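Listing of upload-v1.cif, mmCIF, C-alpha atoms
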data_data
#
loop_
_atom_site.group_PDB
_atom_site.id
_atom_site.type_symbol
_atom_site.label_atom_id
_atom_site.label_comp_id
_atom_site.auth_asym_id
_atom_site.auth_seq_id
_atom_site.Cartn_x
_atom_site.Cartn_y
_atom_site.Cartn_z
ATOM 1 C CA MET A 1 27.807 -28.544 0.339
ATOM 2 C CA GLU A 2 24.675 -30.173 1.692
ATOM 3 C CA THR A 3 21.791 -30.700 -0.746
ATOM 4 C CA PRO A 4 18.409 -29.878 0.830
ATOM 5 C CA LYS A 5 16.089 -32.814 1.437
ATOM 6 C CA TYR A 6 12.319 -32.459 1.687
ATOM 7 C CA LYS A 7 9.809 -34.919 3.118
ATOM 8 C CA ASN A 8 6.341 -33.378 2.881
ATOM 9 C CA ALA A 9 5.091 -31.009 0.178
ATOM 10 C CA LEU A 10 1.882 -28.975 0.130
ATOM 11 C CA ILE A 11 0.771 -27.500 -3.210
ATOM 12 C CA VAL A 12 -1.966 -24.889 -2.780
ATOM 13 C CA GLY A 13 -4.134 -23.925 -5.732
ATOM 14 C CA ALA A 14 -3.677 -27.361 -7.264
ATOM 15 C CA GLY A 15 -5.069 -28.417 -10.617
ATOM 16 C CA GLU A 16 -3.866 -29.658 -13.970
ATOM 17 C CA GLY A 17 -0.829 -28.048 -15.523
ATOM 18 C CA LEU A 18 2.030 -26.797 -13.355
ATOM 19 C CA SER A 19 0.609 -28.098 -10.062
ATOM 20 C CA ALA A 20 0.215 -31.571 -11.547
ATOM 21 C CA SER A 21 3.755 -31.503 -12.943
ATOM 22 C CA LEU A 22 5.107 -30.470 -9.541
ATOM 23 C CA ALA A 23 3.123 -33.192 -7.780
ATOM 24 C CA ARG A 24 4.487 -35.842 -10.142
ATOM 25 C CA LEU A 25 8.056 -34.617 -9.767
ATOM 26 C CA PHE A 26 7.887 -34.446 -5.975
ATOM 27 C CA ALA A 27 6.344 -37.918 -5.800
ATOM 28 C CA ARG A 28 9.106 -39.323 -8.015
ATOM 29 C CA GLU A 29 11.639 -37.848 -5.593
ATOM 30 C CA GLY A 30 10.034 -39.700 -2.684
ATOM 31 C CA ILE A 31 8.279 -36.667 -1.199
ATOM 32 C CA ARG A 32 4.797 -37.101 0.275
ATOM 33 C CA VAL A 33 2.382 -34.727 -1.450
ATOM 34 C CA ALA A 34 -0.721 -32.884 -0.268
ATOM 35 C CA LEU A 35 -2.873 -30.940 -2.729
ATOM 36 C CA ALA A 36 -5.206 -28.108 -1.769
ATOM 37 C CA ALA A 37 -7.848 -26.471 -3.934
ATOM 38 C CA ARG A 38 -11.221 -24.824 -3.577
ATOM 39 C CA SER A 39 -12.730 -27.848 -5.359
ATOM 40 C CA VAL A 40 -11.006 -31.221 -5.018
ATOM 41 C CA GLU A 41 -13.241 -33.291 -7.327
ATOM 42 C CA LYS A 42 -10.922 -32.604 -10.277
ATOM 43 C CA LEU A 43 -7.886 -33.961 -8.387
ATOM 44 C CA GLY A 44 -8.899 -37.618 -8.166
ATOM 45 C CA ALA A 45 -6.796 -38.934 -11.030
ATOM 46 C CA LEU A 46 -3.734 -36.960 -9.943
ATOM 47 C CA CYS A 47 -4.067 -38.239 -6.373
ATOM 48 C CA THR A 48 -4.253 -41.818 -7.653
ATOM 49 C CA GLU A 49 -1.188 -41.292 -9.850
ATOM 50 C CA THR A 50 0.985 -39.590 -7.204
ATOM 51 C CA LYS A 51 -0.519 -41.100 -4.026
ATOM 52 C CA ALA A 52 -1.258 -37.540 -2.925
ATOM 53 C CA ARG A 53 -4.080 -36.503 -0.613
ATOM 54 C CA ALA A 54 -6.432 -33.693 -1.564
ATOM 55 C CA TYR A 55 -7.902 -31.089 0.764
ATOM 56 C CA ALA A 56 -10.597 -28.502 0.091
ATOM 57 C CA CYS A 57 -9.597 -25.009 1.155
ATOM 58 C CA ASN A 58 -10.594 -21.428 0.444
ATOM 59 C CA THR A 59 -7.230 -19.688 0.721
ATOM 60 C CA THR A 60 -8.800 -16.309 1.484
ATOM 61 C CA GLU A 61 -10.215 -17.545 4.802
ATOM 62 C CA PRO A 62 -7.695 -17.606 7.696
ATOM 63 C CA ASP A 63 -9.544 -20.324 9.610
ATOM 64 C CA GLU A 64 -9.650 -22.614 6.564
ATOM 65 C CA VAL A 65 -5.936 -22.171 5.885
ATOM 66 C CA GLU A 66 -5.065 -22.918 9.507
ATOM 67 C CA ARG A 67 -7.321 -25.982 9.392
ATOM 68 C CA LEU A 68 -5.638 -27.133 6.160
ATOM 69 C CA PHE A 69 -2.197 -27.113 7.748
ATOM 70 C CA GLY A 70 -3.498 -28.919 10.813
ATOM 71 C CA LEU A 71 -5.006 -31.700 8.694
ATOM 72 C CA VAL A 72 -1.878 -32.075 6.569
ATOM 73 C CA GLU A 73 0.267 -32.269 9.705
ATOM 74 C CA ARG A 74 -1.863 -35.000 11.227
ATOM 75 C CA GLU A 75 -2.441 -37.061 8.090
ATOM 76 C CA ILE A 76 0.801 -36.673 6.129
ATOM 77 C CA GLY A 77 3.368 -34.761 8.168
ATOM 78 C CA THR A 78 4.453 -31.189 8.733
ATOM 79 C CA PRO A 79 5.050 -29.554 5.337
ATOM 80 C CA ASP A 80 8.657 -28.538 4.787
ATOM 81 C CA LEU A 81 7.983 -27.571 1.164
ATOM 82 C CA VAL A 82 5.006 -25.340 0.314
ATOM 83 C CA VAL A 83 4.049 -24.037 -3.137
ATOM 84 C CA TYR A 84 1.438 -21.302 -3.608
ATOM 85 C CA ASN A 85 -0.105 -21.503 -7.102
ATOM 86 C CA ALA A 86 -3.528 -19.984 -6.524
ATOM 87 C CA SER A 87 -4.546 -16.829 -8.390
ATOM 88 C CA ALA A 88 -7.608 -15.075 -9.752
ATOM 89 C CA ARG A 89 -8.454 -12.157 -11.988
ATOM 90 C CA ALA A 90 -11.301 -9.921 -13.091
ATOM 91 C CA ARG A 91 -10.795 -8.767 -16.681
ATOM 92 C CA GLY A 92 -12.127 -5.646 -18.328
ATOM 93 C CA PRO A 93 -11.763 -1.897 -18.700
ATOM 94 C CA ILE A 94 -10.984 -0.169 -15.418
ATOM 95 C CA ILE A 95 -14.277 1.749 -15.473
ATOM 96 C CA ASP A 96 -16.301 -1.454 -15.871
ATOM 97 C CA LEU A 97 -14.671 -3.586 -13.166
ATOM 98 C CA VAL A 98 -16.905 -4.648 -10.280
ATOM 99 C CA PRO A 99 -15.150 -3.690 -7.015
ATOM 100 C CA ALA A 100 -16.201 -6.893 -5.262
ATOM 101 C CA ASP A 101 -14.725 -8.990 -8.089
ATOM 102 C CA VAL A 102 -11.460 -7.058 -7.912
ATOM 103 C CA ALA A 103 -11.292 -7.478 -4.133
ATOM 104 C CA GLN A 104 -11.813 -11.221 -4.510
ATOM 105 C CA ALA A 105 -9.133 -11.508 -7.210
ATOM 106 C CA ILE A 106 -6.583 -9.676 -5.053
ATOM 107 C CA ALA A 107 -7.561 -11.763 -2.042
ATOM 108 C CA VAL A 108 -6.893 -15.041 -3.878
ATOM 109 C CA SER A 109 -3.678 -13.947 -5.599
ATOM 110 C CA ALA A 110 -2.059 -12.097 -2.681
ATOM 111 C CA PHE A 111 -3.848 -12.361 0.677
ATOM 112 C CA GLY A 112 -4.185 -16.132 0.286
ATOM 113 C CA GLY A 113 -0.451 -16.302 -0.396
ATOM 114 C CA PHE A 114 0.189 -14.446 2.836
ATOM 115 C CA LEU A 115 -2.084 -16.731 4.860
ATOM 116 C CA VAL A 116 -0.493 -19.889 3.467
ATOM 117 C CA ALA A 117 3.041 -18.547 3.865
ATOM 118 C CA GLN A 118 2.374 -17.466 7.434
ATOM 119 C CA GLN A 119 1.174 -20.939 8.458
ATOM 120 C CA ALA A 120 4.107 -22.534 6.631
ATOM 121 C CA ALA A 121 6.675 -20.241 8.247
ATOM 122 C CA LYS A 122 5.314 -20.906 11.737
ATOM 123 C CA ARG A 123 6.053 -24.591 11.243
ATOM 124 C CA MET A 124 9.420 -24.216 9.506
ATOM 125 C CA LEU A 125 11.091 -21.677 11.771
ATOM 126 C CA PRO A 126 11.518 -23.951 14.818
ATOM 127 C CA ASN A 127 13.561 -26.343 12.640
ATOM 128 C CA LYS A 128 15.291 -23.506 10.720
ATOM 129 C CA ARG A 129 14.706 -25.285 7.413
ATOM 130 C CA GLY A 130 12.123 -25.511 4.631
ATOM 131 C CA ALA A 131 11.093 -23.815 1.404
ATOM 132 C CA ILE A 132 8.134 -21.644 0.385
ATOM 133 C CA LEU A 133 7.655 -21.057 -3.339
ATOM 134 C CA PHE A 134 5.317 -18.565 -5.019
ATOM 135 C CA THR A 135 4.116 -18.774 -8.619
ATOM 136 C CA GLY A 136 4.056 -15.378 -10.295
ATOM 137 C CA ALA A 137 3.370 -14.263 -13.850
ATOM 138 C CA SER A 138 4.271 -11.605 -16.394
ATOM 139 C CA ALA A 139 1.820 -9.456 -14.438
ATOM 140 C CA SER A 140 4.121 -9.652 -11.403
ATOM 141 C CA VAL A 141 6.394 -7.071 -13.016
ATOM 142 C CA LYS A 142 4.306 -5.389 -15.724
ATOM 143 C CA GLY A 143 0.635 -4.451 -15.654
ATOM 144 C CA TYR A 144 -1.298 -5.088 -18.847
ATOM 145 C CA ALA A 145 -4.316 -3.142 -20.100
ATOM 146 C CA GLN A 146 -7.660 -4.431 -18.832
ATOM 147 C CA SER A 147 -5.883 -6.667 -16.317
ATOM 148 C CA ALA A 148 -5.625 -4.367 -13.304
ATOM 149 C CA SER A 149 -6.815 -6.846 -10.680
ATOM 150 C CA PHE A 150 -4.361 -9.518 -11.794
ATOM 151 C CA ALA A 151 -1.465 -7.045 -11.802
ATOM 152 C CA MET A 152 -2.379 -5.765 -8.327
ATOM 153 C CA GLY A 153 -2.550 -9.280 -6.933
ATOM 154 C CA LYS A 154 0.642 -10.493 -8.560
ATOM 155 C CA PHE A 155 2.606 -7.333 -7.709
ATOM 156 C CA ALA A 156 1.554 -7.819 -4.085
ATOM 157 C CA LEU A 157 2.523 -11.495 -4.108
ATOM 158 C CA ARG A 158 5.973 -10.597 -5.444
ATOM 159 C CA GLY A 159 6.362 -7.994 -2.712
ATOM 160 C CA LEU A 160 5.398 -10.593 -0.118
ATOM 161 C CA ALA A 161 7.984 -13.017 -1.462
ATOM 162 C CA GLN A 162 10.748 -10.415 -1.504
ATOM 163 C CA SER A 163 9.975 -9.280 2.032
ATOM 164 C CA MET A 164 9.850 -12.868 3.301
ATOM 165 C CA ALA A 165 13.121 -13.748 1.570
ATOM 166 C CA ARG A 166 14.896 -10.921 3.362
ATOM 167 C CA GLU A 167 13.351 -11.853 6.701
ATOM 168 C CA LEU A 168 13.397 -15.643 6.610
ATOM 169 C CA SER A 169 16.332 -16.665 4.417
ATOM 170 C CA PRO A 170 18.825 -15.820 7.197
ATOM 171 C CA GLN A 171 16.786 -18.144 9.414
ATOM 172 C CA GLY A 172 17.133 -21.118 7.056
ATOM 173 C CA ILE A 173 13.885 -20.833 5.076
ATOM 174 C CA HIS A 174 14.329 -20.682 1.290
ATOM 175 C CA ILE A 175 11.810 -18.279 -0.236
ATOM 176 C CA ALA A 176 11.537 -18.110 -4.026
ATOM 177 C CA HIS A 177 9.235 -16.348 -6.481
ATOM 178 C CA PHE A 178 8.878 -17.522 -10.082
ATOM 179 C CA VAL A 179 7.883 -15.125 -12.862
ATOM 180 C CA ILE A 180 6.177 -17.270 -15.500
ATOM 181 C CA ASP A 181 6.492 -14.914 -18.466
ATOM 182 C CA GLY A 182 4.394 -16.638 -21.122
ATOM 183 C CA GLY A 183 1.539 -19.044 -21.654
ATOM 184 C CA ILE A 184 1.679 -22.510 -20.115
ATOM 185 C CA LYS A 185 0.913 -25.378 -22.468
ATOM 186 C CA SER A 186 -1.927 -27.742 -21.552
ATOM 187 C CA ALA A 187 -4.295 -30.243 -23.117
ATOM 188 C CA THR A 188 -6.720 -27.421 -23.871
ATOM 189 C CA ARG A 189 -4.131 -24.758 -24.677
ATOM 190 C CA THR A 190 -1.728 -25.793 -27.401
ATOM 191 C CA GLU A 191 0.911 -24.070 -29.478
ATOM 192 C CA PRO A 192 0.320 -22.936 -33.072
ATOM 193 C CA ALA A 193 1.756 -25.433 -35.560
ATOM 194 C CA ASP A 194 4.071 -22.775 -36.977
ATOM 195 C CA ARG A 195 5.437 -21.781 -33.540
ATOM 196 C CA PRO A 196 6.779 -24.871 -31.777
ATOM 197 C CA ASP A 197 8.067 -24.334 -28.230
ATOM 198 C CA SER A 198 6.317 -20.960 -28.055
ATOM 199 C CA MET A 199 4.609 -21.902 -24.783
ATOM 200 C CA LEU A 200 6.120 -23.043 -21.507
ATOM 201 C CA ASP A 201 5.964 -26.781 -20.865
ATOM 202 C CA PRO A 202 4.701 -27.381 -17.289
ATOM 203 C CA ASP A 203 7.160 -30.245 -16.778
ATOM 204 C CA ALA A 204 10.009 -27.920 -17.750
ATOM 205 C CA ILE A 205 8.768 -25.285 -15.313
ATOM 206 C CA ALA A 206 8.576 -27.898 -12.559
ATOM 207 C CA LEU A 207 12.168 -28.882 -13.249
ATOM 208 C CA SER A 208 13.263 -25.265 -12.757
ATOM 209 C CA TYR A 209 11.412 -25.192 -9.423
ATOM 210 C CA TRP A 210 13.259 -28.353 -8.436
ATOM 211 C CA ASN A 211 16.623 -26.927 -9.478
ATOM 212 C CA VAL A 212 16.032 -23.918 -7.229
ATOM 213 C CA LEU A 213 15.070 -26.229 -4.370
ATOM 214 C CA GLN A 214 18.379 -28.059 -4.746
ATOM 215 C CA GLN A 215 20.499 -24.926 -4.377
ATOM 216 C CA PRO A 216 23.016 -24.905 -1.527
ATOM 217 C CA ARG A 217 22.198 -22.129 0.908
ATOM 218 C CA SER A 218 25.446 -20.304 0.066
ATOM 219 C CA ALA A 219 23.904 -19.414 -3.323
ATOM 220 C CA TRP A 220 20.131 -19.148 -3.014
ATOM 221 C CA THR A 221 17.861 -17.643 -5.668
ATOM 222 C CA TRP A 222 14.922 -15.579 -4.422
ATOM 223 C CA GLU A 223 13.462 -14.961 -7.892
ATOM 224 C CA LEU A 224 13.624 -16.689 -11.257
ATOM 225 C CA GLU A 225 12.086 -15.614 -14.573
ATOM 226 C CA LEU A 226 11.033 -18.312 -17.035
ATOM 227 C CA ARG A 227 9.943 -17.792 -20.623
ATOM 228 C CA PRO A 228 10.025 -19.701 -23.944
ATOM 229 C CA TRP A 229 13.131 -19.169 -25.998
ATOM 230 C CA VAL A 230 11.124 -17.328 -28.683
ATOM 231 C CA GLU A 231 9.335 -15.036 -26.201
ATOM 232 C CA LYS A 232 10.062 -11.306 -26.590
ATOM 233 C CA PHE A 233 10.642 -9.338 -23.412
#
Kindly return the structure encoded in the file as structure tokens.
Amino acid sequence: METPKYKNALIVGAGEGLSASLARLFAREGIRVALAARSVEKLGALCTETKARAYACNTTEPDEVERLFGLVEREIGTPDLVVYNASARARGPIIDLVPADVAQAIAVSAFGGFLVAQQAAKRMLPNKRGAILFTGASASVKGYAQSASFAMGKFALRGLAQSMARELSPQGIHIAHFVIDGGIKSATRTEPADRPDSMLDPDAIALSYWNVLQQPRSAWTWELELRPWVEKF
């Protein structure tokens, strides 16, 4: 069985944490990496470490997303591995939420995912190969109180991924959605001393993404749930 090989990765919604872990892993595997974020100033150290290139992009604007893919194609190569990590939320009681804030949160979490996936698919389909990965959350499958906008966006992103998997997998494009069911550990978000391993390690999450990417096409996963071993669900 042939193991998939990827040359050019684009991580959208890049920052510290999972995106950084993915960038490091891809770079170690010899994959050229492009990083996209609304603000790229925070990506300097990661670009130096991984030899990645950073691009500013508002994922809710179709013209900016199309421009992003054009720049990555010209400067790095056509992406055959695309990860959508961007999301947003507006917290609060349903009666207090500002409609414009909710619309923006849904646009970032879901509509941006569609725009990025559409541009990626256009480039992958002629070669009948590639992978598009979506980062979900607990809110992808269960809506929490005072988190309506996040649940709406993540439910929609999951629906997009499922629809795309059914449409594009038979054409050689691996679509996968990851439900991150728990908090992700970071330099500013650490575990309680009495609960070791109670948060997801971003490097461990990245490894699971990589394992899915290495699946032979005779046994593809379209969705994977990840949670700490002590997490209740």
Mind dumping a table of every region 60-108 of chain A residue within 12 Å of region 155-158 of chain A, with the nearest atom pair and its distance in Å to one decimal, using all atoms listed in the file, sorted by chain and rising number, as JSON lines?
{"residue": "A:Tyr84", "atom": "CA", "partner": "A:Leu157", "partner_atom": "CA", "distance": 9.9}
{"residue": "A:Asn85", "atom": "CA", "partner": "A:Leu157", "partner_atom": "CA", "distance": 10.8}
{"residue": "A:Ala86", "atom": "CA", "partner": "A:Leu157", "partner_atom": "CA", "distance": 10.7}
{"residue": "A:Ser87", "atom": "CA", "partner": "A:Leu157", "partner_atom": "CA", "distance": 9.8}
{"residue": "A:Ala105", "atom": "CA", "partner": "A:Ala156", "partner_atom": "CA", "distance": 11.7}
{"residue": "A:Ile106", "atom": "CA", "partner": "A:Ala156", "partner_atom": "CA", "distance": 8.4}
{"residue": "A:Ala107", "atom": "CA", "partner": "A:Ala156", "partner_atom": "CA", "distance": 10.1}
{"residue": "A:Val108", "atom": "CA", "partner": "A:Leu157", "partner_atom": "CA", "distance": 10.1}
Separating CA of Gly17 (chain A) from CA of Tyr144 (chain A), to the nearest tenth of an Å, is a gap of 23.2 Å
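Computed from the coordinates, the CA of Ile205 (chain A) to CA of Arg166 (chain A) distance equals 24.3 Å.
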Tell me which protein, DNA and RNA residues are within 7 Å of Ala139 (chain A), counting all atoms listed in the file, leaving out same-chain ones fewer than 6 positions away, and put them as a PyMOL selection string. chain A and resi 150-151+154
Please, what distance in Å, to one decimal, runs between CA of Arg227 (chain A) and CA of Thr135 (chain A)? 13.4 Å
List the neighbours of Leu97 (chain A) out to 10 Å using only C-alpha atoms; skip same-chain residues closer than 3 positions along the sequence, and give me the result as a PyMOL selection string. chain A and resi 90-94+100-102+146-149
Distance table requested - region 71-162 of chain A against region 28-44 of chain A, cut-off 12 Å, all atoms listed in the file: one row per qualifying residue with the closest atom pair and its distance in Å to one decimal, ordered by chain and rising residue number, as CSV.
residue,atom,partner,partner_atom,distance
A:Leu71,CA,A:Ala34,CA,10.0
A:Val72,CA,A:Ala34,CA,7.0
A:Glu73,CA,A:Ala34,CA,10.0
A:Arg74,CA,A:Ala34,CA,11.7
A:Glu75,CA,A:Ala34,CA,9.5
A:Ile76,CA,A:Arg32,CA,7.1
A:Gly77,CA,A:Arg32,CA,8.4
A:Thr78,CA,A:Arg32,CA,10.3
A:Pro79,CA,A:Ala34,CA,8.7
A:Asp80,CA,A:Ile31,CA,10.1
A:Leu81,CA,A:Ile31,CA,9.4
A:Val82,CA,A:Ala34,CA,9.5
A:Val83,CA,A:Leu35,CA,9.8
A:Tyr84,CA,A:Ala36,CA,9.7
A:Asn85,CA,A:Ala37,CA,9.7
A:Ala86,CA,A:Ala37,CA,8.2
A:Ser87,CA,A:Ala37,CA,11.1
A:Val108,CA,A:Arg38,CA,10.7
A:Gly112,CA,A:Ala37,CA,11.8
A:Val116,CA,A:Ala36,CA,10.8
Residues at most 12 Å from region 215-221 of chain A, counting only C-alpha atoms, excluding those fewer than 6 positions away in the same chain, as a PyMOL selection string? chain A and resi 1-5+129-131+133+161-162+165-166+169-178+208-209
Output of the PyMOL selection byres ((chain A and resi 22) around 9), listed as a list in words: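 With the shown file as input, the PyMOL selection byres ((chain A and resi 22) around 9) matches Ile11, Gly17, Leu18, Ser19, Ala20, Ser21, Ala23, Arg24, Leu25, Phe26, Ala27, Pro202, Asp203, Ile205, Ala206, Leu207, Tyr209 and Trp210 of chain A.
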Care to translate the PyMOL selection byres ((chain A and resi 57) around 9) into actual residues of this file, as a PDB file with C-alpha atoms, in the frame of the given file?
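What landed in selection39.pdb:
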ATOM      1  CA  VAL A  12      -1.966 -24.889  -2.780  1.00  0.00           C
ATOM      2  CA  GLY A  13      -4.134 -23.925  -5.732  1.00  0.00           C
ATOM      3  CA  ALA A  36      -5.206 -28.108  -1.769  1.00  0.00           C
ATOM      4  CA  ALA A  37      -7.848 -26.471  -3.934  1.00  0.00           C
ATOM      5  CA  ARG A  38     -11.221 -24.824  -3.577  1.00  0.00           C
ATOM      6  CA  SER A  39     -12.730 -27.848  -5.359  1.00  0.00           C
ATOM      7  CA  VAL A  40     -11.006 -31.221  -5.018  1.00  0.00           C
ATOM      8  CA  TYR A  55      -7.902 -31.089   0.764  1.00  0.00           C
ATOM      9  CA  ALA A  56     -10.597 -28.502   0.091  1.00  0.00           C
ATOM     10  CA  ASN A  58     -10.594 -21.428   0.444  1.00  0.00           C
ATOM     11  CA  THR A  59      -7.230 -19.688   0.721  1.00  0.00           C
ATOM     12  CA  THR A  60      -8.800 -16.309   1.484  1.00  0.00           C
ATOM     13  CA  GLU A  61     -10.215 -17.545   4.802  1.00  0.00           C
ATOM     14  CA  GLU A  64      -9.650 -22.614   6.564  1.00  0.00           C
ATOM     15  CA  VAL A  65      -5.936 -22.171   5.885  1.00  0.00           C
ATOM     16  CA  ARG A  67      -7.321 -25.982   9.392  1.00  0.00           C
ATOM     17  CA  LEU A  68      -5.638 -27.133   6.160  1.00  0.00           C
TER      18      LEU A  68
END
The residue from A:Ser109, A:Ser198, A:Asn127, A:Thr188 with the smallest atom-to-atom distance to Leu160 (chain A), counting all atoms listed in the file, is A:Ser109
Given the PyMOL selection byres ((chain A and resi 184) around 7), the residues it picks as a CSV table (one decimal) with C-alpha atoms, in the coordinates of the input:
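Output saved as out30.csv:
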chain,number,residue,atom,x,y,z
A,182,GLY,CA,4.4,-16.6,-21.1
A,183,GLY,CA,1.5,-19.0,-21.7
A,185,LYS,CA,0.9,-25.4,-22.5
A,186,SER,CA,-1.9,-27.7,-21.6
A,199,MET,CA,4.6,-21.9,-24.8
A,200,LEU,CA,6.1,-23.0,-21.5
A,201,ASP,CA,6.0,-26.8,-20.9
A,202,PRO,CA,4.7,-27.4,-17.3
Set the distance at 12 Å and use all atoms listed in the file: which residues neighbour Phe233 (chain A) once local chain neighbours fewer than 2 positions away are removed? I'd like the list as a short mmCIF file (atom, residue, chain, number, x, y, z; two decimals) with C-alpha atoms, keeping the file's coordinate frame.
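Printed below is out.cif as written:
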data_model
loop_
_atom_site.label_atom_id
_atom_site.label_comp_id
_atom_site.auth_asym_id
_atom_site.auth_seq_id
_atom_site.Cartn_x
_atom_site.Cartn_y
_atom_site.Cartn_z
CA SER A 138 4.27 -11.60 -16.39
CA VAL A 141 6.39 -7.07 -13.02
CA LYS A 142 4.31 -5.39 -15.72
CA ASP A 181 6.49 -14.91 -18.47
CA GLY A 182 4.39 -16.64 -21.12
CA GLU A 225 12.09 -15.61 -14.57
CA LEU A 226 11.03 -18.31 -17.04
CA ARG A 227 9.94 -17.79 -20.62
CA PRO A 228 10.02 -19.70 -23.94
CA TRP A 229 13.13 -19.17 -26.00
CA VAL A 230 11.12 -17.33 -28.68
CA GLU A 231 9.34 -15.04 -26.20
#
Take region 13-24 of chain A, model N, CA, C and O atoms, and hand the result over as a CSV table (one decimal), in the coordinates of the input.
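Saved file out-v2.csv follows:
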chain,number,residue,atom,x,y,z
A,13,GLY,N,-3.7,-24.4,-4.4
A,13,GLY,CA,-4.1,-23.9,-5.7
A,13,GLY,C,-3.9,-25.0,-6.8
A,13,GLY,O,-3.6,-24.7,-7.9
A,14,ALA,N,-4.0,-26.2,-6.4
A,14,ALA,CA,-3.7,-27.4,-7.3
A,14,ALA,C,-4.7,-27.6,-8.4
A,14,ALA,O,-5.9,-27.4,-8.2
A,15,GLY,N,-4.2,-28.1,-9.5
A,15,GLY,CA,-5.1,-28.4,-10.6
A,15,GLY,C,-4.2,-29.1,-11.7
A,15,GLY,O,-3.1,-29.5,-11.4
A,16,GLU,N,-4.7,-29.1,-12.9
A,16,GLU,CA,-3.9,-29.7,-14.0
A,16,GLU,C,-2.8,-28.6,-14.4
A,16,GLU,O,-3.0,-27.4,-14.0
A,17,GLY,N,-1.8,-29.0,-15.1
A,17,GLY,CA,-0.8,-28.0,-15.5
A,17,GLY,C,0.4,-28.1,-14.6
A,17,GLY,O,0.9,-29.1,-14.2
A,18,LEU,N,0.8,-26.9,-14.2
A,18,LEU,CA,2.0,-26.8,-13.4
A,18,LEU,C,1.9,-27.6,-12.0
A,18,LEU,O,2.8,-28.3,-11.6
A,19,SER,N,0.8,-27.4,-11.3
A,19,SER,CA,0.6,-28.1,-10.1
A,19,SER,C,0.7,-29.6,-10.2
A,19,SER,O,1.4,-30.3,-9.4
A,20,ALA,N,0.1,-30.1,-11.3
A,20,ALA,CA,0.2,-31.6,-11.5
A,20,ALA,C,1.6,-32.0,-11.8
A,20,ALA,O,2.1,-33.0,-11.4
A,21,SER,N,2.4,-31.2,-12.6
A,21,SER,CA,3.8,-31.5,-12.9
A,21,SER,C,4.6,-31.5,-11.7
A,21,SER,O,5.5,-32.3,-11.5
A,22,LEU,N,4.4,-30.5,-10.8
A,22,LEU,CA,5.1,-30.5,-9.5
A,22,LEU,C,4.8,-31.7,-8.7
A,22,LEU,O,5.7,-32.3,-8.1
A,23,ALA,N,3.5,-32.0,-8.6
A,23,ALA,CA,3.1,-33.2,-7.8
A,23,ALA,C,3.8,-34.5,-8.3
A,23,ALA,O,4.3,-35.3,-7.5
A,24,ARG,N,3.8,-34.6,-9.6
A,24,ARG,CA,4.5,-35.8,-10.1
A,24,ARG,C,6.0,-35.8,-9.8
A,24,ARG,O,6.6,-36.9,-9.5
